[in-house]
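Visitor: Data: coords-v3.csv, CSV, C-alpha atoms.
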```csv
chain,number,residue,atom,x,y,z
T,1,MET,CA,16.0,21.6,-33.5
T,2,PHE,CA,12.4,21.0,-32.7
T,3,ASN,CA,11.2,17.6,-33.7
T,4,ARG,CA,7.4,17.6,-34.3
T,5,GLU,CA,7.1,13.8,-34.3
T,6,ASN,CA,8.4,13.7,-30.7
T,7,LYS,CA,5.8,16.2,-29.6
T,8,LEU,CA,3.0,14.1,-31.1
T,9,GLU,CA,4.0,11.1,-28.8
T,10,LYS,CA,2.1,12.5,-25.9
T,11,PHE,CA,-1.1,12.5,-27.9
T,12,LYS,CA,-1.1,8.8,-28.7
T,13,ASP,CA,-3.2,8.0,-25.6
T,14,ALA,CA,-5.5,11.1,-25.9
T,15,GLU,CA,-8.8,10.5,-24.1
T,16,THR,CA,-10.6,12.7,-26.6
T,17,ILE,CA,-10.2,12.7,-30.3
T,18,ILE,CA,-12.5,14.8,-32.6
T,19,GLY,CA,-12.2,13.2,-36.0
T,20,ALA,CA,-12.2,14.9,-39.4
T,21,SER,CA,-15.9,14.6,-40.2
T,22,ILE,CA,-17.1,15.9,-36.8
T,23,LYS,CA,-18.4,19.4,-36.0
T,24,VAL,CA,-18.4,20.5,-32.3
T,25,LYS,CA,-20.4,23.6,-31.2
T,26,GLY,CA,-20.2,25.1,-27.7
T,27,ASN,CA,-17.8,25.2,-24.8
T,28,PHE,CA,-15.7,22.1,-25.0
T,29,HIS,CA,-13.8,21.8,-21.7
T,30,GLY,CA,-11.8,18.7,-20.9
T,31,GLN,CA,-9.2,17.4,-18.4
T,32,GLY,CA,-7.1,15.0,-20.5
T,33,ASN,CA,-5.3,15.4,-23.8
T,34,ILE,CA,-7.4,16.4,-26.7
T,35,VAL,CA,-6.8,15.9,-30.4
T,36,ILE,CA,-8.9,18.0,-32.9
T,37,GLU,CA,-9.0,16.9,-36.5
T,38,GLY,CA,-12.4,18.3,-37.3
T,39,MET,CA,-14.3,21.6,-36.8
T,40,LEU,CA,-14.9,23.3,-33.5
T,41,GLU,CA,-16.9,26.5,-32.7
T,42,GLY,CA,-17.1,28.0,-29.2
T,43,SER,CA,-14.3,27.6,-26.7
T,44,LEU,CA,-11.7,24.9,-26.2
T,45,LYS,CA,-10.0,24.4,-22.8
T,46,THR,CA,-8.1,21.6,-21.0
T,47,ASP,CA,-5.7,21.3,-18.1
T,48,ALA,CA,-3.6,19.0,-20.3
T,49,ASN,CA,-2.4,19.2,-23.9
T,50,ILE,CA,-4.2,19.9,-27.2
T,51,PHE,CA,-3.2,18.9,-30.7
T,52,ILE,CA,-4.8,20.7,-33.7
T,53,GLY,CA,-4.5,18.7,-36.9
T,54,GLU,CA,-3.6,20.0,-40.3
T,55,LYS,CA,-7.2,20.0,-41.6
T,56,ALA,CA,-8.8,21.1,-38.4
T,57,ARG,CA,-10.7,24.4,-38.2
T,58,VAL,CA,-11.2,26.0,-34.8
T,59,ILE,CA,-13.2,29.1,-34.3
T,60,ALA,CA,-12.7,29.5,-30.5
T,61,ASN,CA,-10.6,30.8,-27.7
T,62,VAL,CA,-8.2,28.0,-26.8
T,63,GLU,CA,-6.5,27.3,-23.4
T,64,ALA,CA,-4.2,24.5,-22.7
T,65,LYS,CA,-0.9,23.5,-20.9
T,66,ASP,CA,0.9,22.6,-24.1
T,67,LEU,CA,-0.5,23.2,-27.6
T,68,VAL,CA,0.5,21.9,-31.0
T,69,ILE,CA,-1.1,23.7,-34.0
T,70,ASN,CA,-1.0,22.5,-37.6
T,71,GLY,CA,-4.5,23.7,-38.6
T,72,GLU,CA,-6.5,27.0,-38.5
T,73,ILE,CA,-7.6,28.9,-35.4
T,74,LYS,CA,-9.7,32.0,-35.2
T,75,GLY,CA,-9.6,33.1,-31.6
T,76,ASN,CA,-7.2,34.0,-28.8
T,77,ILE,CA,-4.8,31.4,-27.5
T,78,LYS,CA,-3.4,31.0,-24.0
T,79,VAL,CA,-0.8,28.3,-23.4
T,80,LYS,CA,0.9,28.0,-19.9
T,81,GLY,CA,3.7,25.8,-21.2
T,82,TYR,CA,4.9,25.1,-24.7
T,83,LEU,CA,3.2,26.2,-28.0
T,84,SER,CA,4.3,24.7,-31.3
T,85,LEU,CA,3.1,26.3,-34.6
T,86,GLY,CA,3.6,23.9,-37.5
T,87,GLY,CA,4.2,25.0,-41.1
T,88,THR,CA,0.5,24.7,-42.0
T,89,ALA,CA,-0.8,26.6,-38.9
T,90,LYS,CA,-2.9,29.7,-39.5
T,91,ILE,CA,-3.8,31.8,-36.5
T,92,ASN,CA,-6.1,34.9,-36.3
T,93,GLY,CA,-5.9,36.0,-32.7
T,94,ASP,CA,-3.7,37.0,-29.9
T,95,ILE,CA,-1.4,34.5,-28.4
T,96,GLN,CA,0.0,34.2,-24.8
T,97,TYR,CA,2.6,31.5,-24.3
T,98,GLY,CA,5.3,30.2,-22.0
T,99,GLU,CA,7.6,28.8,-24.7
T,100,ILE,CA,7.1,28.9,-28.4
T,101,SER,CA,8.4,27.2,-31.6
T,102,ILE,CA,7.3,28.5,-35.1
T,103,GLU,CA,8.0,26.4,-38.2
T,104,LYS,CA,8.5,28.0,-41.6
T,105,GLY,CA,5.2,28.6,-43.3
T,106,ALA,CA,3.1,29.3,-40.2
T,107,ALA,CA,1.0,32.4,-40.3
T,108,VAL,CA,0.0,34.5,-37.3
T,109,ASN,CA,-2.3,37.6,-37.4
T,110,GLY,CA,-2.3,38.8,-33.8
T,111,GLN,CA,-0.2,39.8,-30.9
T,112,LEU,CA,2.4,37.4,-29.5
T,113,THR,CA,3.1,37.7,-25.8
T,114,ALA,CA,5.6,35.7,-23.8
T,115,VAL,CA,4.4,35.1,-20.3
T,116,LEU,CA,7.1,32.9,-18.7
T,117,ASP,CA,5.3,32.4,-15.4
T,118,LEU,CA,1.7,32.4,-16.8
T,119,GLY,CA,0.7,29.5,-14.6
T,120,LYS,CA,2.3,30.9,-11.5
T,121,LYS,CA,0.6,34.3,-12.1
T,122,ASN,CA,-2.7,32.7,-12.3
T,123,ASP,CA,-2.1,30.8,-9.1
T,124,ASN,CA,-1.1,34.0,-7.3
T,125,ARG,CA,-4.3,35.7,-8.5
T,126,GLU,CA,-6.4,32.8,-7.2
T,127,ILE,CA,-4.6,33.0,-3.8
T,128,GLU,CA,-5.3,36.7,-3.7
T,129,LYS,CA,-9.0,36.1,-4.5
T,130,ASP,CA,-9.2,33.5,-1.8
T,131,LYS,CA,-7.7,36.0,0.7
T,132,GLU,CA,-10.3,38.6,-0.3
T,133,ILE,CA,-13.1,36.1,0.3
T,134,GLU,CA,-11.7,35.2,3.7
T,135,GLU,CA,-11.5,38.8,4.7
U,1,MET,CA,-30.3,-20.8,-4.8
U,2,HIS,CA,-29.5,-20.6,-8.5
U,3,VAL,CA,-32.2,-20.0,-11.1
U,4,TYR,CA,-31.3,-20.8,-14.7
U,5,ILE,CA,-33.1,-18.9,-17.4
U,6,TYR,CA,-32.9,-20.8,-20.7
U,7,ASP,CA,-33.5,-18.9,-23.9
U,8,ASP,CA,-36.0,-20.1,-26.5
U,9,TYR,CA,-33.5,-21.0,-29.1
U,10,LEU,CA,-31.9,-23.6,-26.9
U,11,ASN,CA,-34.8,-25.9,-27.8
U,12,LYS,CA,-33.2,-26.4,-31.2
U,13,SER,CA,-31.5,-29.8,-31.6
U,14,LYS,CA,-28.1,-28.3,-32.5
U,15,TYR,CA,-27.8,-27.0,-29.0
U,16,ASN,CA,-28.7,-30.2,-27.3
U,17,LYS,CA,-25.1,-31.4,-26.8
U,18,ALA,CA,-24.0,-28.1,-25.3
U,19,VAL,CA,-27.0,-27.9,-23.0
U,20,ASN,CA,-26.4,-31.5,-21.8
U,21,ARG,CA,-22.7,-30.8,-21.3
U,22,MET,CA,-23.6,-27.8,-19.2
U,23,GLU,CA,-26.2,-29.6,-17.1
U,24,ILE,CA,-23.8,-32.5,-16.4
U,25,ARG,CA,-21.1,-30.0,-15.3
U,26,LEU,CA,-23.5,-28.1,-13.1
U,27,THR,CA,-24.6,-31.4,-11.4
U,28,ASP,CA,-20.9,-32.4,-10.9
U,29,LEU,CA,-20.2,-29.0,-9.2
U,30,GLY,CA,-23.4,-29.2,-7.1
U,31,LEU,CA,-24.8,-26.0,-8.7
U,32,ASN,CA,-28.2,-27.5,-9.6
U,33,GLY,CA,-31.1,-25.1,-9.5
U,34,LYS,CA,-34.5,-24.3,-10.9
U,35,ILE,CA,-34.7,-24.1,-14.7
U,36,ILE,CA,-37.1,-21.6,-16.4
U,37,ARG,CA,-37.5,-21.7,-20.1
U,38,LEU,CA,-38.3,-18.4,-21.7
U,39,GLY,CA,-40.4,-20.0,-24.5
U,40,GLY,CA,-44.0,-19.4,-23.7
U,41,ILE,CA,-43.4,-16.9,-20.9
U,42,LYS,CA,-45.0,-13.5,-21.7
U,43,ASN,CA,-44.1,-11.7,-18.5
U,44,ILE,CA,-40.4,-12.4,-18.1
U,45,LYS,CA,-39.8,-9.6,-15.7
U,46,GLY,CA,-42.6,-10.7,-13.4
U,47,THR,CA,-41.5,-14.4,-13.5
U,48,ILE,CA,-37.9,-13.5,-12.6
U,49,GLN,CA,-38.9,-11.1,-9.9
U,50,ASN,CA,-41.1,-13.7,-8.3
U,51,GLU,CA,-38.1,-16.1,-8.2
U,52,ILE,CA,-36.1,-13.4,-6.5
U,53,LYS,CA,-38.9,-12.9,-4.0
U,54,LEU,CA,-38.8,-16.6,-3.3
U,55,GLY,CA,-35.1,-16.4,-2.4
U,56,ALA,CA,-33.1,-16.8,-5.7
U,57,LYS,CA,-29.6,-15.4,-5.0
U,58,THR,CA,-28.2,-15.9,-8.5
U,59,ILE,CA,-30.0,-15.5,-11.8
U,60,VAL,CA,-28.1,-17.2,-14.6
U,61,ALA,CA,-28.8,-16.3,-18.2
U,62,VAL,CA,-28.2,-19.4,-20.4
U,63,GLY,CA,-28.0,-18.3,-24.0
U,64,ASN,CA,-26.5,-15.2,-25.7
U,65,ASN,CA,-26.4,-11.4,-25.5
U,66,GLN,CA,-30.1,-11.2,-26.1
U,67,THR,CA,-30.8,-13.5,-23.2
U,68,VAL,CA,-28.8,-11.3,-20.8
U,69,ASN,CA,-30.7,-8.3,-22.1
U,70,LYS,CA,-34.1,-9.9,-21.6
U,71,ILE,CA,-33.4,-10.6,-17.9
U,72,ILE,CA,-31.2,-7.7,-16.9
U,73,GLY,CA,-34.1,-5.3,-16.4
U,74,ALA,CA,-35.8,-7.7,-14.0
U,75,ILE,CA,-32.7,-8.2,-11.9
U,76,ILE,CA,-31.9,-4.5,-11.3
U,77,ASP,CA,-35.4,-3.0,-11.1
U,78,THR,CA,-35.4,-2.4,-7.3
U,79,ASP,CA,-38.8,-0.7,-7.1
U,80,ILE,CA,-40.7,-3.8,-6.0
U,81,TYR,CA,-38.5,-5.9,-3.8
U,82,GLY,CA,-35.8,-3.5,-2.6
U,83,ASP,CA,-33.0,-5.3,-0.8
U,84,PHE,CA,-33.9,-8.7,-2.2
U,85,GLN,CA,-32.8,-7.6,-5.6
U,86,LYS,CA,-29.8,-5.5,-4.6
U,87,LYS,CA,-28.2,-8.8,-3.4
U,88,THR,CA,-29.1,-10.8,-6.5
U,89,LEU,CA,-26.2,-11.8,-8.7
U,90,LEU,CA,-26.2,-12.2,-12.5
U,91,GLY,CA,-24.4,-15.2,-13.9
U,92,ILE,CA,-24.0,-16.0,-17.6
U,93,ILE,CA,-23.6,-19.3,-19.4
U,94,PRO,CA,-22.9,-18.6,-23.1
U,95,ILE,CA,-24.2,-21.1,-25.7
U,96,GLY,CA,-24.1,-20.5,-29.4
U,97,ASP,CA,-23.1,-17.3,-31.2
U,98,ASP,CA,-23.4,-13.6,-30.3
U,99,ASN,CA,-21.9,-13.9,-26.9
U,100,SER,CA,-19.7,-10.8,-26.7
U,101,ILE,CA,-21.0,-9.9,-23.2
U,102,ALA,CA,-19.9,-13.2,-21.8
U,103,THR,CA,-16.5,-12.8,-23.6
U,104,SER,CA,-16.1,-9.4,-22.0
U,105,PHE,CA,-16.7,-11.0,-18.6
U,106,GLY,CA,-14.0,-13.6,-19.3
U,107,ILE,CA,-16.4,-16.5,-19.9
U,108,LYS,CA,-15.3,-18.6,-22.9
U,109,ASN,CA,-17.8,-21.4,-23.2
U,110,GLU,CA,-20.5,-23.3,-21.3
U,111,GLU,CA,-18.1,-25.5,-19.3
U,112,ASP,CA,-15.9,-22.6,-18.4
U,113,ALA,CA,-19.0,-20.7,-17.3
U,114,CYS,CA,-19.9,-23.5,-14.8
U,115,ASN,CA,-16.5,-23.3,-13.2
U,116,ILE,CA,-16.8,-19.5,-13.0
U,117,LEU,CA,-20.2,-19.8,-11.3
U,118,LEU,CA,-18.6,-22.0,-8.7
U,119,ALA,CA,-15.7,-19.6,-8.1
U,120,ARG,CA,-18.1,-16.7,-7.5
U,121,ARG,CA,-15.8,-13.9,-8.4
U,122,ILE,CA,-18.1,-10.9,-8.2
U,123,GLU,CA,-17.7,-7.5,-9.8
U,124,LYS,CA,-20.1,-4.5,-9.6
U,125,ILE,CA,-20.6,-3.2,-13.1
U,126,ASP,CA,-21.9,0.1,-14.5
U,127,LEU,CA,-24.9,-0.1,-16.8
U,128,GLY,CA,-25.7,2.2,-19.7
U,129,LEU,CA,-29.2,3.6,-19.7
U,130,VAL,CA,-31.1,4.6,-22.9
U,131,GLY,CA,-34.4,6.1,-21.9
U,132,ASP,CA,-35.6,3.4,-19.5
U,133,HIS,CA,-33.7,0.5,-21.2
U,134,TYR,CA,-30.5,-0.7,-19.5
U,135,PHE,CA,-27.6,-2.0,-21.6
U,136,LEU,CA,-24.4,-3.8,-20.7
U,137,ASN,CA,-22.4,-3.7,-23.9
U,138,GLU,CA,-23.2,-1.0,-26.3
U,139,ALA,CA,-25.9,1.0,-28.2
U,140,ASN,CA,-25.4,2.2,-31.7
U,141,ILE,CA,-26.9,4.3,-34.5
U,142,GLY,CA,-25.9,5.6,-37.9
U,143,SER,CA,-23.7,8.7,-37.7
U,144,LEU,CA,-25.0,10.8,-40.6
U,145,GLY,CA,-27.3,13.4,-39.2
U,146,THR,CA,-26.8,12.2,-35.6
U,147,ASN,CA,-26.4,14.9,-33.0
U,148,ILE,CA,-25.1,14.4,-29.4
U,149,ASP,CA,-26.1,17.3,-27.1
U,150,LEU,CA,-24.4,17.7,-23.7
U,151,GLY,CA,-25.8,21.1,-22.8
U,152,ASP,CA,-22.5,22.9,-22.9
U,153,TYR,CA,-21.7,21.7,-26.3
U,154,SER,CA,-23.0,19.5,-29.1
U,155,ILE,CA,-21.3,17.1,-31.5
U,156,GLU,CA,-22.5,16.4,-35.1
U,157,ALA,CA,-21.2,13.8,-37.6
U,158,GLU,CA,-21.2,14.9,-41.2
U,159,ASP,CA,-20.3,11.6,-42.8
U,160,LYS,CA,-21.9,8.1,-43.1
U,161,GLY,CA,-20.7,5.6,-40.5
U,162,ILE,CA,-21.7,4.5,-37.1
U,163,VAL,CA,-21.9,6.0,-33.6
U,164,ARG,CA,-21.2,3.4,-30.9
U,165,ILE,CA,-22.0,4.1,-27.2
U,166,ILE,CA,-20.0,1.6,-25.3
U,167,ASN,CA,-20.2,0.6,-21.6
U,168,LEU,CA,-18.4,-2.8,-21.7
U,169,LEU,CA,-16.5,-4.0,-24.7
U,170,SER,CA,-13.1,-5.1,-25.6
U,171,ASP,CA,-12.3,-4.4,-29.2
U,172,LYS,CA,-8.5,-4.6,-29.8
U,173,VAL,CA,-8.9,-4.1,-33.6
U,174,ASN,CA,-10.5,-0.6,-33.1
U,175,ASN,CA,-8.4,0.1,-30.0
U,176,ILE,CA,-11.5,0.2,-27.7
U,177,ASN,CA,-11.1,-1.1,-24.1
U,178,SER,CA,-14.0,0.3,-22.1
U,179,ASN,CA,-13.9,0.2,-18.3
U,180,PRO,CA,-17.3,-0.5,-16.8
U,181,HIS,CA,-16.2,0.9,-13.4
U,182,ASP,CA,-15.4,4.4,-14.5
U,183,GLY,CA,-18.9,5.9,-14.6
U,184,LEU,CA,-18.4,6.9,-18.2
U,185,LEU,CA,-19.5,5.7,-21.6
U,186,ASP,CA,-17.0,5.5,-24.5
U,187,ILE,CA,-18.4,7.2,-27.6
U,188,VAL,CA,-16.8,6.1,-30.8
U,189,ILE,CA,-17.9,7.7,-34.0
U,190,SER,CA,-16.4,5.8,-37.0
U,191,PRO,CA,-17.0,7.3,-40.5
U,192,ARG,CA,-16.3,5.0,-43.3
U,193,LYS,CA,-13.1,6.6,-44.7
U,194,LYS,CA,-12.0,9.1,-42.0
U,195,SER,CA,-10.3,8.8,-38.6
U,196,PRO,CA,-12.6,7.9,-35.7
U,197,THR,CA,-13.8,10.3,-33.0
U,198,ILE,CA,-13.4,9.1,-29.4
U,199,LEU,CA,-14.9,10.6,-26.3
U,200,LYS,CA,-15.8,9.7,-22.7
U,201,LEU,CA,-19.2,11.0,-21.6
U,202,SER,CA,-21.6,10.4,-18.7
U,203,LYS,CA,-24.9,11.9,-19.8
U,204,PHE,CA,-26.2,13.4,-23.1
U,205,ILE,CA,-29.1,13.5,-25.4
U,206,ILE,CA,-28.8,11.8,-28.8
U,207,THR,CA,-30.9,12.8,-31.8
U,208,SER,CA,-31.1,11.3,-35.3
U,209,ILE,CA,-33.5,12.4,-38.0
U,210,THR,CA,-33.5,9.1,-39.8
U,211,GLU,CA,-32.5,6.3,-37.5
U,212,GLN,CA,-33.4,4.6,-34.2
U,213,LEU,CA,-30.8,3.8,-31.5
U,214,LEU,CA,-30.2,0.0,-31.3
U,215,VAL,CA,-29.6,-1.0,-27.7
U,216,ASP,CA,-27.3,-4.1,-27.3
U,217,GLY,CA,-28.5,-5.4,-30.7
U,218,VAL,CA,-32.0,-6.1,-29.3
U,219,ILE,CA,-34.2,-3.0,-28.7
U,220,SER,CA,-34.7,-0.1,-31.1
U,221,VAL,CA,-35.3,3.2,-29.3
U,222,LYS,CA,-36.6,6.4,-31.0
U,223,THR,CA,-34.6,9.6,-30.7
U,224,PRO,CA,-34.2,12.1,-29.2
U,225,VAL,CA,-33.4,10.1,-26.1
U,226,GLU,CA,-31.3,10.6,-23.0
U,227,VAL,CA,-28.3,8.3,-22.6
U,228,SER,CA,-26.5,8.0,-19.3
U,229,VAL,CA,-24.6,5.6,-17.1
U,230,VAL,CA,-25.6,4.2,-13.7
U,231,ARG,CA,-22.6,3.3,-11.6
U,232,ASP,CA,-22.1,-0.1,-10.0
U,233,ARG,CA,-25.7,-1.1,-10.8
U,234,VAL,CA,-25.4,-4.8,-11.2
U,235,SER,CA,-23.3,-7.5,-9.5
U,236,VAL,CA,-22.0,-10.0,-12.0
U,237,ILE,CA,-20.1,-13.3,-11.6
U,238,VAL,CA,-17.0,-12.9,-13.8
U,239,GLY,CA,-14.1,-14.9,-15.0
U,240,LYS,CA,-10.5,-14.0,-14.2
U,241,ASP,CA,-9.8,-13.3,-17.9
U,242,ARG,CA,-12.3,-10.5,-18.1
U,243,SER,CA,-11.5,-7.6,-20.4
U,244,PHE,CA,-11.4,-5.0,-17.6
U,245,GLN,CA,-9.9,-4.6,-14.1
```
How would this structure read if it were set down as structure tokens?

Guide:
Amino acid sequence: MFNRENKLEKFKDAETIIGASIKVKGNFHGQGNIVIEGMLEGSLKTDANIFIGEKARVIANVEAKDLVINGEIKGNIKVKGYLSLGGTAKINGDIQYGEISIEKGAAVNGQLTAVLDLGKKNDNREIEKDKEIEE
Amino acid sequence: MHVYIYDDYLNKSKYNKAVNRMEIRLTDLGLNGKIIRLGGIKNIKGTIQNEIKLGAKTIVAVGNNQTVNKIIGAIIDTDIYGDFQKKTLLGIIPIGDDNSIATSFGIKNEEDACNILLARRIEKIDLGLVGDHYFLNEANIGSLGTNIDLGDYSIEAEDKGIVRIINLLSDKVNNINSNPHDGLLDIVISPRKKSPTILKLSKFIITSITEQLLVDGVISVKTPVEVSVVRDRVSVIVGKDRSFQ
């Protein structure tokens, strides 16, 4: 069975933590792990992992490698790797994921799409783009 | 040649013993040099730059954080003497309280500082820049109503607390260990009752409706003001127990 505590381990050394009393507006793009406990409006993207806390409110499209959601998201979600929806998660938007785990109590209003090789597909598209540019 | 810049407050009798101890140790180690006392000098920058022009290789701040801040601008301002100043080193001999900069550099006390000056372990350090004021350790401001704007996004604190912009500081209690070699400033927003916010940024504009930004506990700067980091801007003689690698 999925153990949420284990999944939080990787966020202990997160480079970016947005605390509960903070409001972020705009395109928040990072490279390391990100923890959101406050409010974010705009877009949220990282090559690493994102943890959305229970009281967090995110009105944004979200992209990450792995994503753990315990709060509220209004926007589309794209996760190359593993997506975990906690019991307090509320999502309004479409979701693309590699792997998923949904805890009892989570609410999703949107389309769920499993894309097992999302990362590879993107890589292939980039290669094709490069080829076109070379030609 | 070493030039020692003594801060005003060292004239007080309670610091006599420490100053004597330091001077004896410097003589023992053959590190004697010119002594300049800041009391009475109006143009600190001009005085220090003149010493650099005359061939001073190491400027040593004798005092506390404020002393370092008073002389840092003179050492790194390369507009006037170019290469002369690029090769000038900064040394620190801490005496009295409020010496967190020396502590971060691994300098415990005045005698330890003399030995460190002799060892000449040199590190190039990033400097924070608020407007046209450089800072080594940190700048801070109240968090309520403070906005940090990075162009792509902005961050606003909604609770009372403090925003700290840290270049060089080791604070194990608050889990802060800044690296003054990474070209980034650590931003820590600590509200009174909620969890802190931690970010690493290189350039932004900070605005507060009510407060001014306090730079290294010395200078108050009005906002909005641009805050950035200048990489490897100053060469400092450091101890082996410094808080960064």

Visitor: Could you give me, as JSON lines, a per-residue list for chain U showing, wherever an atom lies at most 10 Å from an atom of chain T, the closest pair of atoms and their distance in Å to one decimal, using only C-alpha atoms and sorting by chain then residue number from low to high?

Guide:
```
{"residue": "U:Ser143", "atom": "CA", "partner": "T:Ile22", "partner_atom": "CA", "distance": 9.8}
{"residue": "U:Leu144", "atom": "CA", "partner": "T:Ser21", "partner_atom": "CA", "distance": 9.9}
{"residue": "U:Asn147", "atom": "CA", "partner": "T:Lys23", "partner_atom": "CA", "distance": 9.7}
{"residue": "U:Ile148", "atom": "CA", "partner": "T:Val24", "partner_atom": "CA", "distance": 9.5}
{"residue": "U:Asp149", "atom": "CA", "partner": "T:Lys25", "partner_atom": "CA", "distance": 9.4}
{"residue": "U:Leu150", "atom": "CA", "partner": "T:Gly26", "partner_atom": "CA", "distance": 9.4}
{"residue": "U:Gly151", "atom": "CA", "partner": "T:Gly26", "partner_atom": "CA", "distance": 8.4}
{"residue": "U:Asp152", "atom": "CA", "partner": "T:Asn27", "partner_atom": "CA", "distance": 5.6}
{"residue": "U:Tyr153", "atom": "CA", "partner": "T:Gly26", "partner_atom": "CA", "distance": 4.0}
{"residue": "U:Ser154", "atom": "CA", "partner": "T:Lys25", "partner_atom": "CA", "distance": 5.3}
{"residue": "U:Ile155", "atom": "CA", "partner": "T:Val24", "partner_atom": "CA", "distance": 4.5}
{"residue": "U:Glu156", "atom": "CA", "partner": "T:Lys23", "partner_atom": "CA", "distance": 5.2}
{"residue": "U:Ala157", "atom": "CA", "partner": "T:Ile22", "partner_atom": "CA", "distance": 4.7}
{"residue": "U:Glu158", "atom": "CA", "partner": "T:Ser21", "partner_atom": "CA", "distance": 5.4}
{"residue": "U:Asp159", "atom": "CA", "partner": "T:Ser21", "partner_atom": "CA", "distance": 5.9}
{"residue": "U:Lys160", "atom": "CA", "partner": "T:Ser21", "partner_atom": "CA", "distance": 9.3}
{"residue": "U:Asp186", "atom": "CA", "partner": "T:Glu15", "partner_atom": "CA", "distance": 9.6}
{"residue": "U:Ile187", "atom": "CA", "partner": "T:Thr16", "partner_atom": "CA", "distance": 9.6}
{"residue": "U:Val188", "atom": "CA", "partner": "T:Ile17", "partner_atom": "CA", "distance": 9.3}
{"residue": "U:Ile189", "atom": "CA", "partner": "T:Gly19", "partner_atom": "CA", "distance": 8.2}
{"residue": "U:Ser190", "atom": "CA", "partner": "T:Gly19", "partner_atom": "CA", "distance": 8.6}
{"residue": "U:Pro191", "atom": "CA", "partner": "T:Ser21", "partner_atom": "CA", "distance": 7.4}
{"residue": "U:Lys193", "atom": "CA", "partner": "T:Ser21", "partner_atom": "CA", "distance": 9.6}
{"residue": "U:Lys194", "atom": "CA", "partner": "T:Ala20", "partner_atom": "CA", "distance": 6.4}
{"residue": "U:Ser195", "atom": "CA", "partner": "T:Gly19", "partner_atom": "CA", "distance": 5.5}
{"residue": "U:Pro196", "atom": "CA", "partner": "T:Gly19", "partner_atom": "CA", "distance": 5.3}
{"residue": "U:Thr197", "atom": "CA", "partner": "T:Gly19", "partner_atom": "CA", "distance": 4.5}
{"residue": "U:Ile198", "atom": "CA", "partner": "T:Ile17", "partner_atom": "CA", "distance": 4.9}
{"residue": "U:Leu199", "atom": "CA", "partner": "T:Thr16", "partner_atom": "CA", "distance": 4.8}
{"residue": "U:Lys200", "atom": "CA", "partner": "T:Thr16", "partner_atom": "CA", "distance": 7.2}
```

Visitor: Could you give me, as a VMD selection string, the residues within 12 Å of Val79 of chain T, counting all atoms listed in the file and dropping anything in the same chain fewer than 6 positions from it?

Guide: chain T and resid 44 to 50 61 to 69 94 to 100 112 to 119

Visitor: For Gly128 of chain U, work out the shell of residues within 6 Å, counting only C-alpha atoms and skipping chain neighbours fewer than 4 positions away, then give it as a count of residues only.

Guide: 4

Visitor: To one decimal place in Å, what is the distance between atom CA of Ile101 of chain U and atom CA of Gln66 of chain U?

Guide: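 Straight-line distance from atom CA of Ile101 of chain U to atom CA of Gln66 of chain U works out to 9.6 Å.
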
Visitor: Return the single residue from U:Glu211, U:Glu226, U:Glu51, U:Asp112 that is closest to His133 of chain U, with distances computed using all atoms listed in the file.

Guide: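 Once distances to His133 of chain U are computed over all atoms listed in the file, the minimum belongs to U:Glu226.
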
Visitor: Quick one: what's the axis-aligned box for segment 103-109 of chain T, all listed atoms, 8 Å on every side, centre and edges in Å to one decimal, as JSON?

Guide:
```
{"center_x": 3.1, "center_y": 32.0, "center_z": -40.3, "size_x": 26.8, "size_y": 27.2, "size_z": 22.0}
```

Visitor: Name all residues at most 9 Å from Leu31 of chain U (count all atoms listed in the file; drop same-chain ones fewer than 2 positions away) and give them as a PyMOL selection string.

Guide: chain U and resi 1-2+25-29+33+114+117-118

Visitor: Taking only C-alpha atoms into account, which of T:Ala89, T:Ile52, T:Ala60, T:Ile102 comes nearest Ile77 of chain T?

Guide: T:Ala60

Visitor: Just the number, please: distance in Å from atom CA of Leu127 of chain U to atom CA of Asn167 of chain U, one decimal.

Guide: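 Taking atom CA of Leu127 of chain U and atom CA of Asn167 of chain U, their separation equals 6.8 Å.
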
Visitor: For Val234 of chain U, list every protein, DNA or RNA residue within 7 Å, evaluated using only C-alpha atoms, and leave out those in the same chain fewer than 3 positions away; present the list as a VMD selection string.

Guide: chain U and resid 76 124 to 126

Visitor: Can I get the selected residues back with C-alpha atoms, as a compact mmCIF listing (two decimals), keeping the file's coordinate frame?

Guide:
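Dumped to part-v7.txt:
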```txt
# COMPACT_ATOMS: atom_id res chain seq x y z
CA ILE U 76 -31.90 -4.50 -11.30
CA LYS U 124 -20.10 -4.50 -9.60
CA ILE U 125 -20.60 -3.20 -13.10
CA ASP U 126 -21.90 0.10 -14.50
```
